[in-house]
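A.B. asks: Got a structure for you, questions after.
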There are 8 protein chains.
Amino acid sequence: MRPDQLRKLLASVKAGKTPVGAALDALRQLPFEDLGFAKVDHHRELRTGSPEVIYGPGKTPQQVARIGQAVARRGHALLATRLEPLAAAALLLALPKAEHHVRARAVTLEGRPPLKKRGLVAVLCAGTSDIPVAEEARLTAELMGCRVDPHYDVGVAGLHRLLARMPGIRKADALVVAAGMEGALPSVVGGLTGAPLIAVPTSVGYGASFGGLSALLTMMNSCAAGVAVVNIDNGFGAGYLAAKIARR
Amino acid sequence: MRPDQLRKLLASVKAGKTPVGAALDALRQLPFEDLGFAKVDHHRELRTGSPEVIYGPGKTPQQVARIGQAVARRGHALLATRLEPLAAAALLLALPKAEHHVRARAVTLEGRPPLKKRGLVAVLCAGTSDIPVAEEARLTAELMGCRVDPHYDVGVAGLHRLLARMPGIRKADALVVAAGMEGALPSVVGGLTGAPLIAVPTSVGYGASFGGLSALLTMMNSCAAGVAVVNIDNGFGAGYLAAKIARR
Amino acid sequence: MRPDQLRKLLASVKAGKTPVGAALDALRQLPFEDLGFAKVDHHRELRTGSPEVIYGPGKTPQQVARIGQAVARRGHALLATRLEPLAAAALLLALPKAEHHVRARAVTLEGRPPLKKRGLVAVLCAGTSDIPVAEEARLTAELMGCRVDPHYDVGVAGLHRLLARMPGIRKADALVVAAGMEGALPSVVGGLTGAPLIAVPTSVGYGASFGGLSALLTMMNSCAAGVAVVNIDNGFGAGYLAAKIARR
Amino acid sequence: MRPDQLRKLLASVKAGKTPVGAALDALRQLPFEDLGFAKVDHHRELRTGSPEVIYGPGKTPQQVARIGQAVARRGHALLATRLEPLAAAALLLALPKAEHHVRARAVTLEGRPPLKKRGLVAVLCAGTSDIPVAEEARLTAELMGCRVDPHYDVGVAGLHRLLARMPGIRKADALVVAAGMEGALPSVVGGLTGAPLIAVPTSVGYGASFGGLSALLTMMNSCAAGVAVVNIDNGFGAGYLAAKIARR
Amino acid sequence: MRPDQLRKLLASVKAGKTPVGAALDALRQLPFEDLGFAKVDHHRELRTGSPEVIYGPGKTPQQVARIGQAVARRGHALLATRLEPLAAAALLLALPKAEHHVRARAVTLEGRPPLKKRGLVAVLCAGTSDIPVAEEARLTAELMGCRVDPHYDVGVAGLHRLLARMPGIRKADALVVAAGMEGALPSVVGGLTGAPLIAVPTSVGYGASFGGLSALLTMMNSCAAGVAVVNIDNGFGAGYLAAKIARR
Amino acid sequence: MRPDQLRKLLASVKAGKTPVGAALDALRQLPFEDLGFAKVDHHRELRTGSPEVIYGPGKTPQQVARIGQAVARRGHALLATRLEPLAAAALLLALPKAEHHVRARAVTLEGRPPLKKRGLVAVLCAGTSDIPVAEEARLTAELMGCRVDPHYDVGVAGLHRLLARMPGIRKADALVVAAGMEGALPSVVGGLTGAPLIAVPTSVGYGASFGGLSALLTMMNSCAAGVAVVNIDNGFGAGYLAAKIARR
Amino acid sequence: MRPDQLRKLLASVKAGKTPVGAALDALRQLPFEDLGFAKVDHHRELRTGSPEVIYGPGKTPQQVARIGQAVARRGHALLATRLEPLAAAALLLALPKAEHHVRARAVTLEGRPPLKKRGLVAVLCAGTSDIPVAEEARLTAELMGCRVDPHYDVGVAGLHRLLARMPGIRKADALVVAAGMEGALPSVVGGLTGAPLIAVPTSVGYGASFGGLSALLTMMNSCAAGVAVVNIDNGFGAGYLAAKIARR
Amino acid sequence: MRPDQLRKLLASVKAGKTPVGAALDALRQLPFEDLGFAKVDHHRELRTGSPEVIYGPGKTPQQVARIGQAVARRGHALLATRLEPLAAAALLLALPKAEHHVRARAVTLEGRPPLKKRGLVAVLCAGTSDIPVAEEARLTAELMGCRVDPHYDVGVAGLHRLLARMPGIRKADALVVAAGMEGALPSVVGGLTGAPLIAVPTSVGYGASFGGLSALLTMMNSCAAGVAVVNIDNGFGAGYLAAKIARR
């Protein structure tokens with residue numbers, strides 16, 4: 001039941017056509033979305049600025065392509081992540097205007113009309129192996145209408161590279177910092193900047209890195225204020241939140 | 001070496017009093033802060049808007065009071081957290097204008113001059129036992145110059161209470177959501193709102209809650225986008241980050 | 001807004017006193033509970049048969065007594081669990097008709113009018129140290145109107161004691177089985193009976209029992225079908241669910 | 001020794017043909033099942049209403065087919081779970097009347113005579129990736145003679161979809177709720193319904209979901225009463241227990 | 001129902017006083033122990049050679065003393081472990097002939113008549129902090145009728161002390177080896193001896209010893225054959241099993 | 001330096017050919033094994049009764065065959081475990097008299113002369129999936145000269161099958177009990193028997209069985225005395241220790 | 001900005017060509033590495049004695065070969081670790097003078113000019129499966145200019161082999177000790193020697209070895225002083241640190 | 001048997017008083033330490049330069065004082081760690097020349113004659129709460145004859161403080177770096193220095209720091225080469241190893 005339908009019901013009550021009791025029953029039963037709770041409708045809100053996301057694992061190339069076409073038909077921006085090569089190929093075939101991002105294992109398609117750029121997100125990562133996660137964050141923030149400055153391979157074991165980048169990093173409205181292994185980068189960056197910082201542990205590492213758990217705990221315990229953490233390898237989530245912050 | 005000292009050194013070089021080689025050596029050795037890296041100096045940056053924080057555990061009442069007085073003398077806002085009753089008493093004695101917040105086990109003192117309010121932070125918590133953590137977040141955000149709307153005891157097992165509060169919650173610029181036990185509240189709220197959401201797992205629970213670990217994992221795995229997590233019981237960190245976001 | 005208020009609103013629309021637009025706005029904003037979503041209102045549903053529960057830890061004796069009195073005034077059954085001795089004393093003082101159950105560290109008060117007994121719950125526990133948890137389950141199920149048969153100290157290391165009790169146990173409509181240490185009892189009982197079985201790991205044990213985690217994992221992995229598990233030491237939850245099943 | 005054999009022995013004692021001492025010895029030695037402990041015999045009890053289950057992993061297609069034929073010959077209902085495609089094919093070849101359920105990776109065969117339907121089980125799952133586990137629960141409950149209402153993809157991040165389904169869900173006699181990632185769905189549903197709820201954590205997720213451990217802990221710590229948990233991905237166990245409850 | 005009662009029943013059947021049907025019913029219902037399953041009756045078997053054990057924690061001094069008296073009255077050997085000082089005092093008061101073992105926090109009383117000594121158990125421990133656990137093992141094995149050779153403080157960091165003791169250690173029929181911290185002693189001893197070896201991890205250590213978990217894992221992974229492990233700090237269990245082996 | 005060499009040195013000292021100081025130096029430096037420490041030499045001790053073991057994983061078929069031939073040449077008993085099919089084939093080709101045990105993934109060869117049988121080991125397992133581990137234990141104990149009684153598929157969910165086997169099980173001198181999933185079997189059996197019991201957790205299970213960790217913890221926490229535990233899936237270790245006990 | 005550029009700037013200030021304010025600005029902004037912080041520049045420091053390292057996993061054969069050529073052109077020593085066979089082949093093809101170390105899965109190339117040997121490192125490992133990790137340590141230390149004595153297969157279950165090697169081991173300036181399974185070797189060796197000891201847990205083992213975690217915890221808790229630990233399987237890190245110590 | 005006794009035995013053989021066979025037997029049995037294995041004797045080696053250590057926990061003040069006096073009588077340096085105030089007082093009373101270090105909860109006494117200073121150890125810690133652990137390292141290294149430079153409160157969240165200290169830190173021969181919470185300091189320092197670095201995780205932190213486990217994992221996964229880790233809070237072990245390295 002959409003707002004106009006509700007309006008009709010009330011008019012019908014007013015006109016004496018629908019008894020009060022029957023209207024009461026109808027109102028009690030109606031699905032919440034039919035009440036026009038635009039804010040309840042997560043999807044509608046997302047449409048204003050956020051890309052629709054296809055999470056690749058567990059989907060066939062056919063499914064990925066079909067979902068992608070549906071999204072594109074509605075003019076929404078599209079972000080497809082963690083795509084196997086075949087799934088990426090199928091999607092690109094279906095959406096000739098889409099772009100392939102090999103390092104991020106992602107395919108993107110700008111929404112129509114494109115969003116006006118607002119806000120600057122800096123995306124940092126510690127090592128070259130963290131780049132796929134960082135790229136996922138970058139693509140997400142860009143599709144959501146932010147400018148993004150990437151600063152890759154600035155891990156704490158070569159501190160001078162990071163320090164040399166700080167003037168640029170300090171200009172960002174929000175930061176995404178991805179790191180695996182010991183995950184120390186967000187603590188160091190958080191101490192050198194003032195902008196909100198979203199930390200992403202990555203599953204990069206071996207031995208006692210336990211698939212990213214070590215980096216996750218490090219980031220959780222960061223002694224720098226202004227740092228919050230998303231799930232292991234969740235570049236999308238970090239980029240999404242950073243873009244929301246940067247665009248405010 | 002402060003900027004004026006550096007200026008003097010350069011002037012002395014210009015005047016021919018200091019040879020270039022000696023100046024070169026001096027510059028190479030100097031502590032970075034002396035170069036005037038205002039942005040490197042975390043403390044200075046914090047002074048513009050953030051309270052100074054005294055973390056209570058492990059400090060004697062005397063130490064707490066002494067640090068508190070030093071902060072107050074500089075005119076900074078003060079937030080003292082997790083205070084034992086005696087430490088709180090000592091601090092209140094030392095700072096007659098400070099306020100005691102019993103539920104948050106905190107003492108606060110506004111900075112001089114007080115900050116102009118900007119931005120609205122909503123602080124939610126799932127159960128009454130989560131209130132101390134939520135209060136710590138609320139006090140932090142208020143001291144940082146935000147207006148704060150508390151929405152306590154809106155856990156997911158009594159969903160109607162949460163839904164009834166949603167219109168107010170949706171007005172916030174940033175959200176802090178604290179929950180212990182199963183920690184499901186941020187996922188539900190994240191699906192109902194669009195603002196950046198900082199989730200705080202609390203150590204509330206028993207049995208397999210493992211001191212907050214269960215809630216932490218839940219929040220890490222949240223299926224709602226736009227959610228990031230801080231450490232268990234870290235109300236300060238959540239309030240700090242939410243305030244930063246809300247004031248942008 | 002209660003149902004009668006809603007009825008009034010609709011009548012007012014019918015009478016032309018409230019314009020359709022204004023009614024529409026009112027309906028969109030109203031808290032869900034005001035719509036009379038009886039089923040949404042967890043509390044109301046609980047009142048028909050379930051005791052109200054006071055979880056003792058973290059509450060002062062005064063708070064426990066005050067909540068208890070409020071519940072009693074409404075005529076509801078009351079179950080107060082994990083009470084420190086002083087809290088139990090305060091509650092008993094406030095509610096002279098309440099009963100003290102020392103082993104379960106609980107205080108109970110029957111609702112008015114008392115529920116008609118229906119359904120039989122068998123409560124088993126492995127060792128004498130598991131009895132407090134078992135008793136919490138027993139009291140819960142009794143307050144919810146079930147007959148309860150306790151079978152304590154029937155752990156698997158003395159199998160003949162358990163086997164001797166099986167004829168009685170098989171008569172139950174639902175079972176609660178509490179065990180600490182290795183937590184093997186539910187698997188054995190589940191293989192000998194056909195009724196739904198709720199397993200409760202207890203924190204009883206030492207060394208590698210890890211506060212009940214070992215028993216919890218054992219029960220999770222039970223090779224017997226028809227077994228489900230609640231949180232460590234959660235006698236209330238097990239008794240509550242078993243009573244629900246038994247009374248159907 | 002079956003009951004009739006025992007009867008013969010006693011008759012023989014009565015007739016003086018078997019001395020008391022010899023009967024005593026015979027009775028002491030006899031295997032328990034020979035005493036006619038029908039209730040001890042798990043298998044016999046299962047035959048009245050429960051399907052026989054073939055757990056696929058670790059069995060060759062030949063073994064699966066051969067076991068399936070043996071079950072079918074006895075007229076029992078059959079549920080074969082987690083079948084590799086070849087094993088499913090072999091079983092279908094052997095049992096032409098069996099049905100293949102691709103999403104659940106299961107094959108079923110109704111018992112003869114079919115059970116009379118009794119009781120309604122609602123099976124919910126949070127995301128599309130949880131459907132295989134939910135389907136396993138659905139098939140199990142159906143084979144045990146329950147009607148089953150599936151409600152899939154009603155996760156808490158899109159709460160309106162769940163709320164829209166609540167009227168139907170509330171009609172069920174028992175609920176199965178499957179969820180991976182943060183596993184919050186059972187807590188929310190448990191707060192909105194009154195029927196016994198069996199929660200199934202699924203291994204769906206990535207990063208810190210740790211193969212379902214995160215969802216398991218969430219469900220264990222559920223703040224909603226009336227919820228119990230089975231092993232990760234154990235759709236069969238959940239469906240089995242829910243059907244037992246619903247048919248009472 | 002004891003064997004003589006069963007004999008009476010059968011006689012009564014023979015005499016025609018009890019109908020076959022009634023006897024059949026009686027036999028089906030009877031508790032297993034009444035069938036004279038001496039071997040099923042764990043307690044009876046224990047009485048021949050094993051001490052009765054009182055596990056101290058969670059018992060009041062009064063309870064400990066009362067149980068102790070009951071055991072002593074039956075002439076059984078008694079082992080009371082992990083006693084608080086007051087409980088030990090109460091027990092010694094109640095049983096003047098009992099012995100106090102301060103380091104093991106235990107009280108023992110020989111059974112009547114005393115067991116003839118048979119078999120030799122060697123009890124080793126790595127450090128002086130492991131002695132309480134080792135002593136618990138020693139007392140247990142002695143009460144079960146074994147001779148016991150203690151070899152304490154022979155940890156692997158001072159290997160010469162261990163090697164100097166090997167000739168004596170090699171004479172034992174079974175070994176108990178207790179160690180905390182890194183728990184390496186059983187692996188080393190297992191490689192130097194041929195007798196069955198029961199390893200006991202102790203909770204001695206700090207930091208990453210995690211209350212004995214580190215030592216437990218070490219022992220589980222021992223590369224020496226012929227080693228098995230009991231629970232953390234379970235000196236009783238190790239001494240019990242070693243004595244059983246040594247007395248064969 | 002072998003004993004005869006040592007004897008020569010001493011004779012040379014006696015004859016005045018070697019000065020005391022030189023002999024002293026020689027003795028101080030000599031490798032321990034050269035002193036003829038037969039008991040230190042693990043391998044020598046093993047040769048009297050124990051099979052030599054080839055652990056298959058990580059070895060090529062060629063390596064397995066070559067080691068096997070070397071062992072056979074010395075007349076030792078051989079046990080090769082966890083063999084890939086190709087490695088088993090290569091070994092059987094190289095040792096025509098060796099036997100292949102498909103379920104245990106093992107190859108065995110009796111030593112020459114064969115050991116005289118002594119002692120009886122009972123090997124139990126809970127489910128059919130645990131049989132490979134149980135078979136590894138059985139083969140080990142047999143090669144070490146014990147008679148072995150297997151009792152497979154006697155898990156606690158079908159207790160009557162276990163109870164029916166107890167008379168036979170009680171005759172054993174030592175028991176091996178293998179179980180996966182919840183691992184409850186050793187506790188139950190330990191309560192019904194008096195012989196030393198070696199428990200083997202297996203990695204059988206899914207979900208929260210965590211590769212055998214759940215079963216391991218269960219067994220560690222067994223409430224039955226006389227139980228000790230070896231590593232997950234370590235059938236060899238359990239059979240080895242049980243045989244040692246049974247042959248004493 | 002290199003030192004000579006800085007010198008130019010200062011000269012320009014002296015000459016009055018650059019105003020003091022402009023020089024101040026330039027100095028504040030300059031990247032740290034341009035200041036000639038030789039010690040900050042991790043890479044430069046490494047060049048004096050340390051090999052450049054290519055960590056194989058995640059790199060294509062082409063990438064490995066290309067990086068290797070770049071390193072070789074600069075005359076640096078090269079260590080490529082954990083190479084897949086194809087990557088090793090590609091590297092060897094590109095660098096004809098490089099050496100392949102099959103057991104260590106590594107390729108090395110001496111720097112030009114070769115380092116003068118200084119210091120002795122002993123590399124021990126417990127079992128033959130630990131050899132790849134030990135070899136990685138050995139190659140690293142050799143490339144860094146140390147002599148290395150390998151002592152492999154000296155695990156604690158065959159103590160005499162270790163003791164026989166001690167005289168040689170005691171000559172080393174630093175020790176690397178690699179062990180999997182129970183990881184006890186460093187504790188034993190640490191008690192027998194005085195040189196700094198770097199322990200490397202390996203992922204060798206099964207069951208409860210948890211991919212090296214068990215060995216890691218053992219080593220962390222070593223009761224021998226003078227022991228420190230690197231990550232699981234991190235032969236490179238251990239060899240690197242030991243060489244640094246030995247060459248001092 | 002001391003060397004002189006061995007000499008006597010050999011002389012007696014030479015003189016023909018002891019037959020060769022008897023000498024052979026005596027030699028086979030003798031405890032290793034009696035052979036004069038100076039290198040085996042850990043204690044003797046320690047006496048040359050290392051302090052004797054009293055680990056306070058679990059010892060009474062009397063025991064601490066008595067051990068302290070015994071050490072002092074032998075002229076050894078003494079380090080007593082983790083002392084309760086009463087134990088410290090008792091020790092100071094017994095050893096008037098000993099020094100009390102309140103922050104490190106330690107008491108020290110120089111050996112006689114004092115060691116000649118050699119080598120420089122830098123001890124860093126991240127926060128003021130880590131100082132007790134850092135001080136324990138400092139005292140240990142000083143007692144072992146090193147000069148020690150403390151650099152406290154130089155955590156990565158205030159990077160400028162650390163960078164300002166680097167010139168001094170780079171002069172050290174070995175480093176101890178203690179940090180709790182996220183434990184990132186060793187990675188950063190390791191990237192800025194070339195000396196061997198011993199990292200000490202401390203138990204400082206809250207929430208998901210899990211008593212130092214988070215910091216331990218961080219350090220294990222350090223991306224800087226040349227870093228090794230000791231147990232949580234093990235300042236003694238770190239100082240001991242660093243001093244050994246620095247004095248080489």
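Convention: chains lettered A, B, ... in structure tokens order; per-chain residue numbering from 1; ligands numbered from 1 as shown.
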Env of Leu83 (chain H): 8 Å cut, atoms = only C-alpha atoms, seq-sep filter 3 positions within chain, self excluded. Answer as a list in words.

C.D. replies: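 Residues near the query, excluding close chain neighbours: Tyr55, Gly56, Pro57, Ala80, Leu86, Ala87, Ala88, Arg105 and Ala106 of chain H.
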
A.B. asks: Within 7 Å of Ile232 (chain B), counting only C-alpha atoms, which residues qualify if same-chain residues fewer than 4 places away don't, as a PyMOL selection string?

C.D. replies: (chain B and resi 200-203+212+216) or (chain H and resi 207-208)

A.B. asks: Tell me, as number ranges by chain, which residues lie within 10 Å of region 162-174 of chain B, counting only C-alpha atoms; anything in the same chain fewer than 5 positions away does not count.

C.D. replies: A: 39-40, 245, 248; B: 119-124, 126, 146-157, 185, 188-189, 192-198, 239, 241-248; C: 29-34

A.B. asks: Using C-alpha atoms, can you write the selected residues to a file as a JSON list (two decimals), in the first residue's frame?

C.D. replies:
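Below you can see again03.json, which holds the result:
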```
[["chain", "number", "residue", "atom", "x", "y", "z"],
["A", 39, "LYS", "CA", 13.45, 5.67, 5.53],
["A", 40, "VAL", "CA", 12.70, 2.08, 6.39],
["A", 245, "ILE", "CA", 31.62, 10.65, 6.04],
["A", 248, "ARG", "CA", 28.50, 15.02, 4.59],
["B", 119, "GLY", "CA", 26.29, 18.38, 14.75],
["B", 120, "LEU", "CA", 23.94, 15.82, 16.32],
["B", 121, "VAL", "CA", 25.09, 12.44, 17.56],
["B", 122, "ALA", "CA", 22.57, 9.74, 18.50],
["B", 123, "VAL", "CA", 23.79, 7.31, 21.14],
["B", 124, "LEU", "CA", 21.86, 4.03, 21.36],
["B", 126, "ALA", "CA", 20.63, -2.29, 23.76],
["B", 146, "CYS", "CA", 28.08, 18.02, 19.63],
["B", 147, "ARG", "CA", 24.48, 17.81, 20.69],
["B", 148, "VAL", "CA", 23.70, 14.24, 21.76],
["B", 149, "ASP", "CA", 20.40, 12.36, 21.75],
["B", 150, "PRO", "CA", 20.46, 9.28, 23.98],
["B", 151, "HIS", "CA", 18.21, 6.32, 23.11],
["B", 152, "TYR", "CA", 18.78, 3.67, 25.75],
["B", 153, "ASP", "CA", 17.33, 0.19, 26.24],
["B", 154, "VAL", "CA", 16.21, -0.27, 22.64],
["B", 155, "GLY", "CA", 17.55, -3.81, 22.14],
["B", 156, "VAL", "CA", 16.38, -6.00, 19.29],
["B", 157, "ALA", "CA", 14.40, -8.40, 21.49],
["B", 185, "LEU", "CA", 21.59, -3.85, 17.48],
["B", 188, "VAL", "CA", 19.38, -3.64, 12.71],
["B", 189, "VAL", "CA", 19.91, 0.09, 13.15],
["B", 192, "LEU", "CA", 17.20, 1.47, 9.11],
["B", 193, "THR", "CA", 19.40, 4.55, 8.84],
["B", 194, "GLY", "CA", 21.78, 6.23, 6.47],
["B", 195, "ALA", "CA", 24.21, 8.02, 8.79],
["B", 196, "PRO", "CA", 27.68, 6.66, 9.65],
["B", 197, "LEU", "CA", 27.38, 4.24, 12.55],
["B", 198, "ILE", "CA", 30.07, 3.44, 15.10],
["B", 239, "GLY", "CA", 31.95, 9.09, 20.95],
["B", 241, "LEU", "CA", 34.87, 9.37, 16.24],
["B", 242, "ALA", "CA", 31.14, 10.08, 16.00],
["B", 243, "ALA", "CA", 31.70, 13.66, 17.11],
["B", 244, "LYS", "CA", 34.43, 14.12, 14.55],
["B", 245, "ILE", "CA", 32.07, 12.93, 11.84],
["B", 246, "ALA", "CA", 29.10, 14.95, 13.06],
["B", 247, "ARG", "CA", 31.05, 18.21, 13.29],
["B", 248, "ARG", "CA", 32.51, 18.06, 9.81],
["C", 29, "GLN", "CA", 4.55, 8.89, 12.65],
["C", 30, "LEU", "CA", 2.95, 6.75, 15.24],
["C", 31, "PRO", "CA", 5.01, 4.41, 17.30],
["C", 32, "PHE", "CA", 4.31, 0.89, 16.29],
["C", 33, "GLU", "CA", 3.11, -0.19, 19.66],
["C", 34, "ASP", "CA", 0.40, 2.41, 19.50]]
```

A.B. asks: Please report, as a PyMOL selection string, each residue of region 59-214 of chain B to which DSSP assigns strand (DSSP E) when run on this structure's backbone.

C.D. replies: chain B and resi 78-81+99-101+106-109+120-125+147-151+174-179+197-201

A.B. asks: With 9 Å as the limit and counting only C-alpha atoms, what residues in chain G lie close to chain E? Please list them as a PyMOL selection string.

C.D. replies: chain G and resi 155-160+180-185+187-192+205-209+213-225

A.B. asks: Residues at most 8 Å from region 110-112 of chain E, counting only C-alpha atoms, excluding those fewer than 4 positions away in the same chain, as a list in words?

C.D. replies: Pro51, Ala72, Gly75, His76, Ala77, Leu78, Ala98 and Leu143 of chain E

A.B. asks: Go ahead and save the picked residues with N, CA and C atoms, as a PDB file, in the first residue's frame.

C.D. replies:
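Wrote out_8.pdb, looks like this:
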```pdb
ATOM      1  N   PRO E  51      40.824 -45.046  46.359  1.00  0.00           N
ATOM      2  CA  PRO E  51      40.320 -44.205  47.432  1.00  0.00           C
ATOM      3  C   PRO E  51      39.022 -43.529  47.000  1.00  0.00           C
ATOM      4  N   ALA E  72      35.097 -42.763  56.077  1.00  0.00           N
ATOM      5  CA  ALA E  72      35.945 -43.441  57.055  1.00  0.00           C
ATOM      6  C   ALA E  72      35.175 -44.568  57.745  1.00  0.00           C
ATOM      7  N   GLY E  75      35.393 -47.713  56.124  1.00  0.00           N
ATOM      8  CA  GLY E  75      36.729 -48.307  56.066  1.00  0.00           C
ATOM      9  C   GLY E  75      37.469 -48.043  54.776  1.00  0.00           C
ATOM     10  N   HIS E  76      36.927 -47.164  53.968  1.00  0.00           N
ATOM     11  CA  HIS E  76      37.584 -46.885  52.683  1.00  0.00           C
ATOM     12  C   HIS E  76      38.742 -45.929  52.857  1.00  0.00           C
ATOM     13  N   ALA E  77      39.677 -46.014  51.920  1.00  0.00           N
ATOM     14  CA  ALA E  77      40.712 -44.998  51.853  1.00  0.00           C
ATOM     15  C   ALA E  77      40.074 -43.696  51.386  1.00  0.00           C
ATOM     16  N   LEU E  78      40.632 -42.587  51.859  1.00  0.00           N
ATOM     17  CA  LEU E  78      40.053 -41.280  51.550  1.00  0.00           C
ATOM     18  C   LEU E  78      41.131 -40.354  50.992  1.00  0.00           C
ATOM     19  N   ALA E  98      43.725 -39.070  60.089  1.00  0.00           N
ATOM     20  CA  ALA E  98      44.036 -38.612  58.722  1.00  0.00           C
ATOM     21  C   ALA E  98      45.316 -37.788  58.725  1.00  0.00           C
ATOM     22  N   LEU E 143      47.722 -44.187  47.811  1.00  0.00           N
ATOM     23  CA  LEU E 143      46.488 -44.699  48.425  1.00  0.00           C
ATOM     24  C   LEU E 143      45.932 -45.886  47.638  1.00  0.00           C
TER      25      LEU E 143
END
```

A.B. asks: Among region 4-222 of chain G, which residues carry a DSSP assignment of alpha helix (DSSP H), reported as number ranges by chain?

C.D. replies: G: 4-14, 20-29, 42-47, 61-73, 85-94, 131-143, 159-169, 185-192, 213-220
